[in-house]
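Worksheet for the structure shown next.
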Amino acid sequence: MNHTSLRRSRRIAPVVAAATAAALALGGCSSSSGGKKSEEGAAEASAGKATTPRMTIAMVTHAPAGDTFWDIVRKGAEAAAAKDNVKLVYSSDESAANQANLVQNAIDQKVDGIAVTLAKPDALKNVVAKAEKAGIPVVGLNSGMDQWQAQGMLEFFGQDESVAGQAFGKKLNETGAKHAICVVQVQGHVGLEQRCAGVKKTFEGKTENLYVNGTDMPSVKSTITAKLKQDSSIDQVATLGAPFALTAVQSVSEAGSKAKVATFDLNKDLVGAIKDGDIEFAVDQQPYLQGYLSIDSLWLYKNNGNYMGGGEQP
């Protein structure tokens with residue numbers, strides 16, 4: 001359907017993957033193993049590659065080095081680019097200032113579209129405006145759901161972090177947890193803060209945020225371990241990314257704690273940890289689709305004037 005008069009967004013709804021066989025199958029297919037199968041499927045569908053003129057799209061994220069979540073986002077973007085005859089220029093930097101510079105580089109290269117994350121939206125505001133002034137369409141993904149419209153973006157692809165956090169908190173009520181720590185790996189990241197705030201809103205027990213240096217995993221482990229040793233009443237560790245959940249499992253063991261671990265986001269190793277009972281559950285936000293739809297939407301806009309999504313409000 002052609003929607004040239006509306007500016008719209010699509011929300012990738014969070015999926016709570018409980019530790020049951022059926023839920024594990026859903027969680028695994030949607031983000032980790034499923035992402036891989038989808039990528040392979042995209043290669044097999046190369047015969048259906050677009051014949052539209054070659055275009056260049058830049059994807060600029062705040063991804064830290066070595067984060068498997070962002071590997072899945074990128075795979076989705078690459079699959080869409082292969083189908084749409086798009087040259088994908090991917091770059092990332094955890095520093096908001098450096099990320100803004102990468103967006104400026106994309107503007108200077110006169111790309112045909114930009115997909116960008118807004119983990120720290122204020123730092124990206126001016127450069128996003130420059131892109132739009134230069135006539136380059138910009139879509140948001142993953143982080144910045146509360147800011148994409150204010151910054152004049154065409155669309156947004158991601159989950160409502162507050163809603164996801166609230167679902168997480170309700171799930172903890174079902175498990176019987178009483179005292180949870182929410183481990184935040186990047187201080188000032190709006191999406192991560194919203195997740196913890198969502199948990200606090202619905203969780204009937206006690207919650208507190210624990211800030212760690214997400215770029216130093218040994219430090220993450222030691223900080224969580226120290227907190228668990230300090231307060232034996234903590235019976236739940238909530239992490240905001242798969243690698244941090246797996247590290248938290250080690251912290252629980254080292255601290256001699258009885259705390260359980262649950263998390264946001266999935267990767268292949270985490271699915272295995274849920275199957276083994278080391279992780280209670282995870283909330284999956286469909287990273288493969290976030291990457292895929294961001295690129296595909298810009299191709300659709302360029303070639304047919306489409307706005308994807310289900311309305312102006314996420």
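By convention here, the chains of the structure tokens are called A, B, ... in the order presented, each chain's residues are numbered starting at 1, and ligands are numbered starting at 1 in the order presented.
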
With only C-alpha atoms counted and 7 Å as the cut-off, give the residues of segment 118-210 of chain A in contact with segment 98-104 of chain A, each with its shortest interatomic distance in Å and the pair that gives it, as a tab-separated table.
residue	atom	partner	partner_atom	distance
A:Ala123	CA	A:Ala100	CA	6.9
A:Leu124	CA	A:Ala100	CA	5.5
A:Val127	CA	A:Ala100	CA	6.3

Store the residues picked out above, limited to N, CA and C atoms, as a short mmCIF file (atom, residue, chain, number, x, y, z; two decimals), in the first residue's frame.
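Output file part.cif is given in full below:
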data_model
loop_
_atom_site.label_atom_id
_atom_site.label_comp_id
_atom_site.auth_asym_id
_atom_site.auth_seq_id
_atom_site.Cartn_x
_atom_site.Cartn_y
_atom_site.Cartn_z
N ALA A 123 22.90 14.21 21.19
CA ALA A 123 24.19 14.30 20.50
C ALA A 123 24.06 14.13 19.00
N LEU A 124 22.96 13.55 18.54
CA LEU A 124 22.75 13.29 17.11
C LEU A 124 21.81 14.30 16.46
N VAL A 127 23.24 16.76 13.60
CA VAL A 127 23.73 16.12 12.38
C VAL A 127 22.58 15.46 11.62
#

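For the pair atom CA of Gly48 of chain A and atom CA of Tyr307 of chain A, the interatomic distance is 22.0 Å.
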
*Find the spatial neighbours of Gln194 of chain A, counting only C-alpha atoms, within a cut-off of 9 Å - ignore same-chain residues fewer than 5 positions away - and output them as a VMD selection string.*
chain A and resid 160 to 165 189 199

Write the residues you've just listed into a file as an mmCIF file, in the first residue's frame, and include N, CA and C atoms for each of them.
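Dumped everything to part-v3.cif:
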data_model
loop_
_atom_site.group_PDB
_atom_site.id
_atom_site.type_symbol
_atom_site.label_atom_id
_atom_site.label_comp_id
_atom_site.auth_asym_id
_atom_site.auth_seq_id
_atom_site.Cartn_x
_atom_site.Cartn_y
_atom_site.Cartn_z
ATOM 1 N N ASP A 160 9.322 -0.718 21.975
ATOM 2 C CA ASP A 160 9.084 0.280 23.012
ATOM 3 C C ASP A 160 9.754 -0.235 24.284
ATOM 4 N N GLU A 161 10.859 0.378 24.661
ATOM 5 C CA GLU A 161 11.662 -0.136 25.766
ATOM 6 C C GLU A 161 10.910 -0.085 27.099
ATOM 7 N N SER A 162 10.073 0.904 27.278
ATOM 8 C CA SER A 162 9.295 0.988 28.509
ATOM 9 C C SER A 162 8.299 -0.166 28.601
ATOM 10 N N VAL A 163 7.613 -0.449 27.499
ATOM 11 C CA VAL A 163 6.662 -1.557 27.464
ATOM 12 C C VAL A 163 7.388 -2.883 27.702
ATOM 13 N N ALA A 164 8.560 -3.041 27.078
ATOM 14 C CA ALA A 164 9.338 -4.261 27.271
ATOM 15 C C ALA A 164 9.748 -4.416 28.727
ATOM 16 N N GLY A 165 10.155 -3.313 29.348
ATOM 17 C CA GLY A 165 10.537 -3.353 30.755
ATOM 18 C C GLY A 165 9.373 -3.727 31.657
ATOM 19 N N HIS A 189 22.367 5.976 28.403
ATOM 20 C CA HIS A 189 21.704 5.386 27.233
ATOM 21 C C HIS A 189 20.199 5.377 27.522
ATOM 22 N N VAL A 199 10.774 -1.975 34.290
ATOM 23 C CA VAL A 199 10.800 -3.067 35.261
ATOM 24 C C VAL A 199 10.312 -2.567 36.622
#

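If you measure from each of A:Phe281, A:Phe264, A:Phe157, A:Phe244 to Leu293 of chain A using only C-alpha atoms, the closest one turns out to be A:Phe157.
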
*Tell me which of A:Met217, A:Ile181, A:Val116, A:Ala262 sits closest to Ala65 of chain A, counting only C-alpha atoms.*
A:Met217

_Taking 4 positions as the minimum chain separation for residues in the same chain, which residues sit within 12 Å of Lys206 of chain A when counting only C-alpha atoms? Answer as a PyMOL selection string._
chain A and resi 169+172-173+176-182+199-202+233-237

*Can you check which residues of segment 103-133 of chain A DSSP gives as alpha helix (DSSP H) on the backbone and send them as number ranges by chain?*
A: 103-108, 121-133

_Residues within 10 Å of segment 130-147 of chain A, only C-alpha atoms, excluding chain neighbours under 5 positions, as a PyMOL selection string_ = chain A and resi 9-12+57-62+73+103-104+106-108+110-122+125+152-161+189-192+285-287+290-291+293-295+297-298+301-302+313-314

*How far is it from atom CA of Gly241 of chain A to atom CA of Glu94 of chain A, in Å with one decimal?*
14.9 Å

*asked:* If DSSP is run on the backbone, what residues of segment 232-288 of chain A are strand (DSSP E or B)? A reply as a count of residues only would be ideal.
replied: 12

*asked:* From the options A:Lys87, A:Gly256, A:Leu270, A:Ala96, which residue's atoms come nearest to Pro64 of chain A, counting only C-alpha atoms?
replied: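 For Pro64 of chain A, the nearest of the candidates is A:Ala96.
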
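Separating atom CA of Lys229 of chain A from atom CA of Thr207 of chain A is a distance of 16.7 Å.
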